[in-house]
Amino acid sequence: MLGSQLRRLREQKGVTRQDAGYVIRASESKISRLELGRVSFKERDVDDLLSLYGVSDKTEREALLQLAREANTPGWWHRYNDVLPGWFQTYVGLEESAALIRTYELQFVPGLLQSEGYARAVIRLGNAGAAEHEIDQRVELRMQRQARLTGSEAPRLWAVVDEGALKRPIGGPEVMRGQFEHLIEMSKLPNVTIQIMPFRFGGHAAEGGAFTILRFPEQDLPDVVYVENLTGAMYLDKRDDVDTYLQAMERLCVDSATPERTVELLGDFLRET
């Protein structure tokens with residue numbers, strides 16, 4: 001988040017990475033890594049860059065300096081470093097800061113909506129050779145992420161789930177029944193909206209696959225699109241990229257079953273399992 005803001009400010013001012021690096025006694029590549037969020041920030045360096053970029057408003061400067069302090073403070077998820085890939089640590093940190101999380105899933109129930117039994121079955125699929133204590137850690141991490149949905153500063157979660165994810169028998173009938181019950185209960189939370197994209201609709205807007213859009217409470221911070229693959233993830237925050245995914249998400253929400261109808265469908269699935 002901080003790197004993205006610094007890049008935006010630098011580009012608006014027309015400052016090259018080389019010139020920015022000179023001001024903080026660093027190389028052009030160091031500026032690139034800072035803007036990509038790949039190295040830690042020194043508050044003094046951020047302060048110097050803000051002066052170079054002409055940021056004189058005290059409120060704006062302090063907000064960005066506070067981001068620098070937070071960026072260097074380990075979050076609760078860092079205690080799971082041994083089972084958490086570096087590229088996913090970034091996502092968990094962003095998710096923890098988000099005010100609105102919009103997600104589309106087509107293979108599994110979204111992680112924030114998984115029951116413990118379902119999460120364990122999914123994690124075992126992706127980590128077949130892992131020891132049981134490692135599986136336990138991964139499940140615990142997923143449950144810890146979910147806890148924020150019922151906290152005092154809970155984000156808004158809006159999930160669209162492809163019907164295929166709900167018809168795939170992960171973990172067997174008992175696990176699936178527990179998952180359907182969990183989704184019905186989660187849908188009762190005032191900050192959670194769930195919609196099913198039904199088979200009968202055929203092709204739809206999200207032909208590129210699963211993705212998540214994160215929006216933050218700070219108005220000047222850009223939305224971030226998270227797209228995961230087998231070995232890593234992409235974090236997109238350029239306006240054109242984000243707008244494309246926002247349009248796809250809006251189309252998905254219009255074309256999917258309404259939240260009320262989704263609860264009815266989940267009840268049907270539960271009775272059929």
# chains A, B, ... in the order shown; residues from 1 in each chain; ligands from 1
call {"tool": "select_by_dssp", "arguments": {"residues": "segment 97-262 of chain A", "states": "helix (DSSP H, G or I)", "output": "PyMOL selection string"}}
result
chain A and resi 97+111-113+116-126+132-150+163-167+173-186+199-201+239-255+259-262
call {"tool": "residues_around", "arguments": {"residues": "segment 51-57 of chain A", "least_positions_apart": "3", "cutoff": "8 Å", "atoms": "only C-alpha atoms", "output": "NGL selection string"}}
result
:A and (9-10 or 13 or 15 or 20 or 23 or 47-48 or 60-61)
call {"tool": "closest_residue", "arguments": {"among": "A:Leu166, A:Leu50, A:Met143, A:Ile123", "to": "Phe199 of chain A", "atoms": "only C-alpha atoms"}}
result
A:Leu166
call {"tool": "closest_atom_pairs", "arguments": {"of": "segment 129-171 of chain A", "to": "segment 70-89 of chain A", "cutoff": "8 Å", "atoms": "only C-alpha atoms", "output": "JSON lines"}}
result
{"residue": "A:Glu134", "atom": "CA", "partner": "A:Val83", "partner_atom": "CA", "distance": 7.0}
{"residue": "A:Gln137", "atom": "CA", "partner": "A:Tyr80", "partner_atom": "CA", "distance": 7.3}
{"residue": "A:Arg138", "atom": "CA", "partner": "A:Val83", "partner_atom": "CA", "distance": 6.7}
{"residue": "A:Leu141", "atom": "CA", "partner": "A:Tyr80", "partner_atom": "CA", "distance": 7.3}
call {"tool": "residues_around", "arguments": {"residues": "Ile31 of chain A", "least_positions_apart": "4", "cutoff": "12 Å", "atoms": "only C-alpha atoms", "output": "list in words"}}
result
Gly3, Ser4, Leu6, Arg7, Arg10, Val15, Thr16, Arg17, Gln18, Asp19, Ala20, Gly21, Tyr22, Val23, Ile24, Arg25, Ala26, Ser27, Glu35, Leu36, Gly37, Arg38, Val39, Ser40, Phe41, Asp45, Val46 and Leu49 of chain A
call {"tool": "residues_around", "arguments": {"residues": "Gln107 of chain A", "least_positions_apart": "6", "cutoff": "12 Å", "atoms": "only C-alpha atoms", "output": "list in words"}}
result
Val122, Val160, Val161, Asp162, Glu163, Gly164, Ala165, Leu166, Lys167, Arg168, Pro169, Ile170, Gly209, Ala210 and Phe211 of chain A
call {"tool": "atom_distance", "arguments": {"atom1": "atom CA of Gly171 of chain A", "atom2": "atom CA of Gly117 of chain A"}}
result
7.8 Å
call {"tool": "closest_residue", "arguments": {"among": "A:Glu28, A:Glu105, A:Glu43, A:Asp223", "to": "Gly208 of chain A", "atoms": "only C-alpha atoms"}}
result
A:Glu105
call {"tool": "closest_residue", "arguments": {"among": "A:Phe269, A:Ser32, A:Ala63, A:Thr244", "to": "Met176 of chain A", "atoms": "only C-alpha atoms"}}
result
A:Phe269
call {"tool": "atom_distance", "arguments": {"atom1": "atom CA of Leu214 of chain A", "atom2": "atom CA of Val175 of chain A"}}
result
29.1 Å
call {"tool": "closest_residue", "arguments": {"among": "A:Lys238, A:Arg215, A:Arg200, A:Arg156", "to": "Ser256 of chain A", "atoms": "only C-alpha atoms"}}
result
A:Arg200
call {"tool": "atom_distance", "arguments": {"atom1": "atom CA of Leu266 of chain A", "atom2": "atom CA of Val225 of chain A"}}
result
27.8 Å
call {"tool": "closest_residue", "arguments": {"among": "A:Ala147, A:Ala159, A:Leu183, A:Val227", "to": "Arg102 of chain A", "atoms": "only C-alpha atoms"}}
result
A:Ala159
call {"tool": "closest_atom_pairs", "arguments": {"of": "segment 168-266 of chain A", "to": "segment 93-96 of chain A", "cutoff": "10 Å", "atoms": "only C-alpha atoms", "output": "CSV"}}
result
residue,atom,partner,partner_atom,distance
A:Thr212,CA,A:Glu95,CA,9.8
A:Ile213,CA,A:Glu95,CA,9.6
A:Leu214,CA,A:Glu95,CA,7.0
A:Arg215,CA,A:Glu95,CA,9.0
A:Phe216,CA,A:Leu94,CA,8.6
A:Val224,CA,A:Leu94,CA,8.6
A:Tyr226,CA,A:Leu94,CA,9.8
